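Chemist: Dropping the structure in here first, questions after.
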Amino acid sequence: MLRDFYDKHKNFSFRTLSEYCISPGIRCKFDLLKENINTKRKFSQGIDLGSSGNSFLSFLDNVEYKSYYDIAKLPLTQYIREKKGYPLCGDLIKLPYKDETFDFISALDVLEHIKDDDLAASEICRILKKNGILVLTVPHRMKFYSYQDKLIGHYRRYEVEQMISLFKNSTLKLLKIFGVYGRLMRIADIQSKNPKKVEKSIIDLRKRYESNTMFRKLWNIFVKITSKIMKFDAKYHSLENIMNIAFIFKKL
């Protein structure tokens, strides 16, 4: 049932790696994460849980072998031919990997889609190696929960204390907390008023970006400027007003 939901939800299933160039939000998020991760450290085995078609892992040069895991099949097809890339479809609460398999794990905007997030957190910790790094992003604060959250399959938004509590029984040490999206992301509430129209507009934008060279150049400028504004919005808002938040953990 959930697999069908995400395969048919075109805003998820039609994403590609070009999303970084097309979406100011994705560019803002990925850039902020790279600024806060030690990119000088070399990782042997990395996995992006809930990777969709625009995996953050694909933008990291310091991870040798990359695995992509998602409940939907369609977004994973683009990783099949990637060298040292291993896509696999499945449920995050039943990860088909041995204990301590990966030294780098990312799960960006994933936990809120899982009903039993305690079990998901336990599985994530199980497959993370000692001294491994875990990067998480989640929508922040239930007071911001809206119809848009419901439309895209969110069971909840998280408080900081709630996220820390989720991993309190593990051997993870919290290294960093920082904002990813500030108040500008309230635009999503406007989009939720006509989701089919918005979904069609995004698909049309992707097609135009890929086929029209002049439009692509102009859009690149727009995305570059807008993503910088979004980064400023995320960095300089107080944490209580942040719409999306990131956590970086290390396994002891």
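Lettering and numbering for the structure tokens are positional, with chains as A, B, ... in the shown order, residues counted from 1 in each chain, and ligands counted from 1 in the shown order.
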Which residues are near Cys21 (chain A)? Cut-off 12 Å, only C-alpha atoms, ignore same chain within fewer than 3 positions. Put them as a PyMOL selection string.

Modeler: chain A and resi 15-18+24-28+30-31+54+205-206+209-210+216-227

Chemist: Could you take the residues named above and write them with C-alpha atoms, as a PDB file, in the first residue's frame?

Modeler:
```pdb
ATOM      1  CA  ARG A  15      12.672  13.010  -9.138  1.00  0.00           C
ATOM      2  CA  THR A  16      16.117  12.684 -10.680  1.00  0.00           C
ATOM      3  CA  LEU A  17      19.580  13.926  -9.763  1.00  0.00           C
ATOM      4  CA  SER A  18      18.823  17.083 -11.759  1.00  0.00           C
ATOM      5  CA  PRO A  24      16.013  25.795  -4.738  1.00  0.00           C
ATOM      6  CA  GLY A  25      14.895  23.785  -1.698  1.00  0.00           C
ATOM      7  CA  ILE A  26      16.913  20.686  -2.610  1.00  0.00           C
ATOM      8  CA  ARG A  27      19.970  22.792  -3.427  1.00  0.00           C
ATOM      9  CA  CYS A  28      19.650  24.671  -0.141  1.00  0.00           C
ATOM     10  CA  PHE A  30      22.210  19.586   0.134  1.00  0.00           C
ATOM     11  CA  ASP A  31      24.544  22.595   0.355  1.00  0.00           C
ATOM     12  CA  ASN A  54      17.732  12.571  -6.088  1.00  0.00           C
ATOM     13  CA  LEU A 205       9.283  22.495 -15.230  1.00  0.00           C
ATOM     14  CA  ARG A 206      11.532  19.420 -15.277  1.00  0.00           C
ATOM     15  CA  TYR A 209      14.611  22.491 -17.956  1.00  0.00           C
ATOM     16  CA  GLU A 210      15.919  19.418 -19.744  1.00  0.00           C
ATOM     17  CA  ARG A 216      17.960  26.167 -18.224  1.00  0.00           C
ATOM     18  CA  LYS A 217      20.551  28.969 -18.004  1.00  0.00           C
ATOM     19  CA  LEU A 218      18.008  31.432 -16.624  1.00  0.00           C
ATOM     20  CA  TRP A 219      16.575  28.899 -14.213  1.00  0.00           C
ATOM     21  CA  ASN A 220      20.074  28.064 -12.924  1.00  0.00           C
ATOM     22  CA  ILE A 221      20.519  31.724 -11.982  1.00  0.00           C
ATOM     23  CA  PHE A 222      17.113  31.768 -10.245  1.00  0.00           C
ATOM     24  CA  VAL A 223      17.880  28.590  -8.280  1.00  0.00           C
ATOM     25  CA  LYS A 224      21.330  29.835  -7.258  1.00  0.00           C
ATOM     26  CA  ILE A 225      19.943  33.117  -5.894  1.00  0.00           C
ATOM     27  CA  THR A 226      16.838  31.606  -4.287  1.00  0.00           C
ATOM     28  CA  SER A 227      18.747  28.795  -2.586  1.00  0.00           C
TER      29      SER A 227
END
```

Chemist: Extract the full set of helix (DSSP H, G or I) residues from region 74-183 of chain A according to DSSP on the backbone, and format it as a ChimeraX atom specification.

Modeler: /A:74-79,92-94,111-113,117-127,142-144,147-151,160-166,183

Chemist: Find the spatial neighbours of region 163-176 of chain A, counting only C-alpha atoms, within a cut-off of 9 Å - ignore same-chain residues fewer than 6 positions away - and output them as a PyMOL selection string.

Modeler: chain A and resi 36+117-118+121-122+125-126+130+134+138+246-252

Chemist: Please identify all polymer residues within 8 Å of Tyr69 (chain A), counting only C-alpha atoms, omitting same-chain residues fewer than 2 positions from it, and present them as a list in words.

Modeler: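 Residues meeting the cut-off are Ile47, Asp48, Leu49, Gly50, Ser51, Ser67, Ile71, Leu76, Pro87, Leu88, Cys89 and Gly90 of chain A.
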
Chemist: Restricted to C-alpha atoms, what would the selected residues look like written as a short mmCIF file (atom, residue, chain, number, x, y, z; two decimals), in the first residue's frame?

Modeler:
```
data_model
loop_
_atom_site.label_atom_id
_atom_site.label_comp_id
_atom_site.auth_asym_id
_atom_site.auth_seq_id
_atom_site.Cartn_x
_atom_site.Cartn_y
_atom_site.Cartn_z
CA ILE A 47 23.68 4.20 2.16
CA ASP A 48 20.89 6.70 1.56
CA LEU A 49 17.69 5.43 3.18
CA GLY A 50 14.61 6.74 1.41
CA SER A 51 16.84 7.97 -1.37
CA SER A 67 23.77 2.00 -1.69
CA ILE A 71 10.22 1.78 -0.67
CA LEU A 76 15.71 3.56 -8.02
CA PRO A 87 19.94 0.28 -5.41
CA LEU A 88 17.48 -1.87 -3.47
CA CYS A 89 13.74 -1.60 -2.86
CA GLY A 90 12.31 -2.36 0.57
#
```

Chemist: Name all residues at most 8 Å from Thr137 (chain A) (count only C-alpha atoms; drop same-chain ones fewer than 2 positions away) and give them as a PDB file with C-alpha atoms, in the first residue's frame.

Modeler:
```
ATOM      1  CA  ALA A 107      17.990   9.466   5.880  1.00  0.00           C
ATOM      2  CA  LEU A 108      16.658  12.794   4.657  1.00  0.00           C
ATOM      3  CA  ASP A 109      13.005  13.581   5.336  1.00  0.00           C
ATOM      4  CA  VAL A 110      12.204   9.896   5.826  1.00  0.00           C
ATOM      5  CA  VAL A 135      22.767  12.339   8.911  1.00  0.00           C
ATOM      6  CA  PRO A 139      10.163  18.395   9.349  1.00  0.00           C
ATOM      7  CA  VAL A 180      17.562  23.377   6.918  1.00  0.00           C
ATOM      8  CA  ASN A 244      12.986  21.551   8.750  1.00  0.00           C
ATOM      9  CA  ILE A 245      15.916  20.510  10.914  1.00  0.00           C
ATOM     10  CA  ALA A 246      19.070  18.396  10.542  1.00  0.00           C
ATOM     11  CA  PHE A 247      20.871  16.125  13.007  1.00  0.00           C
TER      12      PHE A 247
END
```

Chemist: State, in Å with one decimal place, the distance from CA of Thr39 (chain A) to CA of Leu60 (chain A).

Modeler: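 Between CA of Thr39 (chain A) and CA of Leu60 (chain A) the gap works out to 7.7 Å.
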
Chemist: To one decimal place in Å, what is the distance between CA of Leu32 (chain A) and CA of Glu19 (chain A)?

Modeler: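 Interatomic distance here is 15.7 Å.
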
Chemist: Nearest to Lys66 (chain A): which of A:Ser52, A:Ile22, A:Phe43, A:Gly153 is it, counting only C-alpha atoms?

Modeler: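 For Lys66 (chain A), the nearest of the candidates is A:Phe43.
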
Chemist: Quick one: DSSP strand (DSSP E) residues in region 73-222 of chain A, as a PyMOL selection string?

Modeler: chain A and resi 85-89+102-108+128-139+172-181
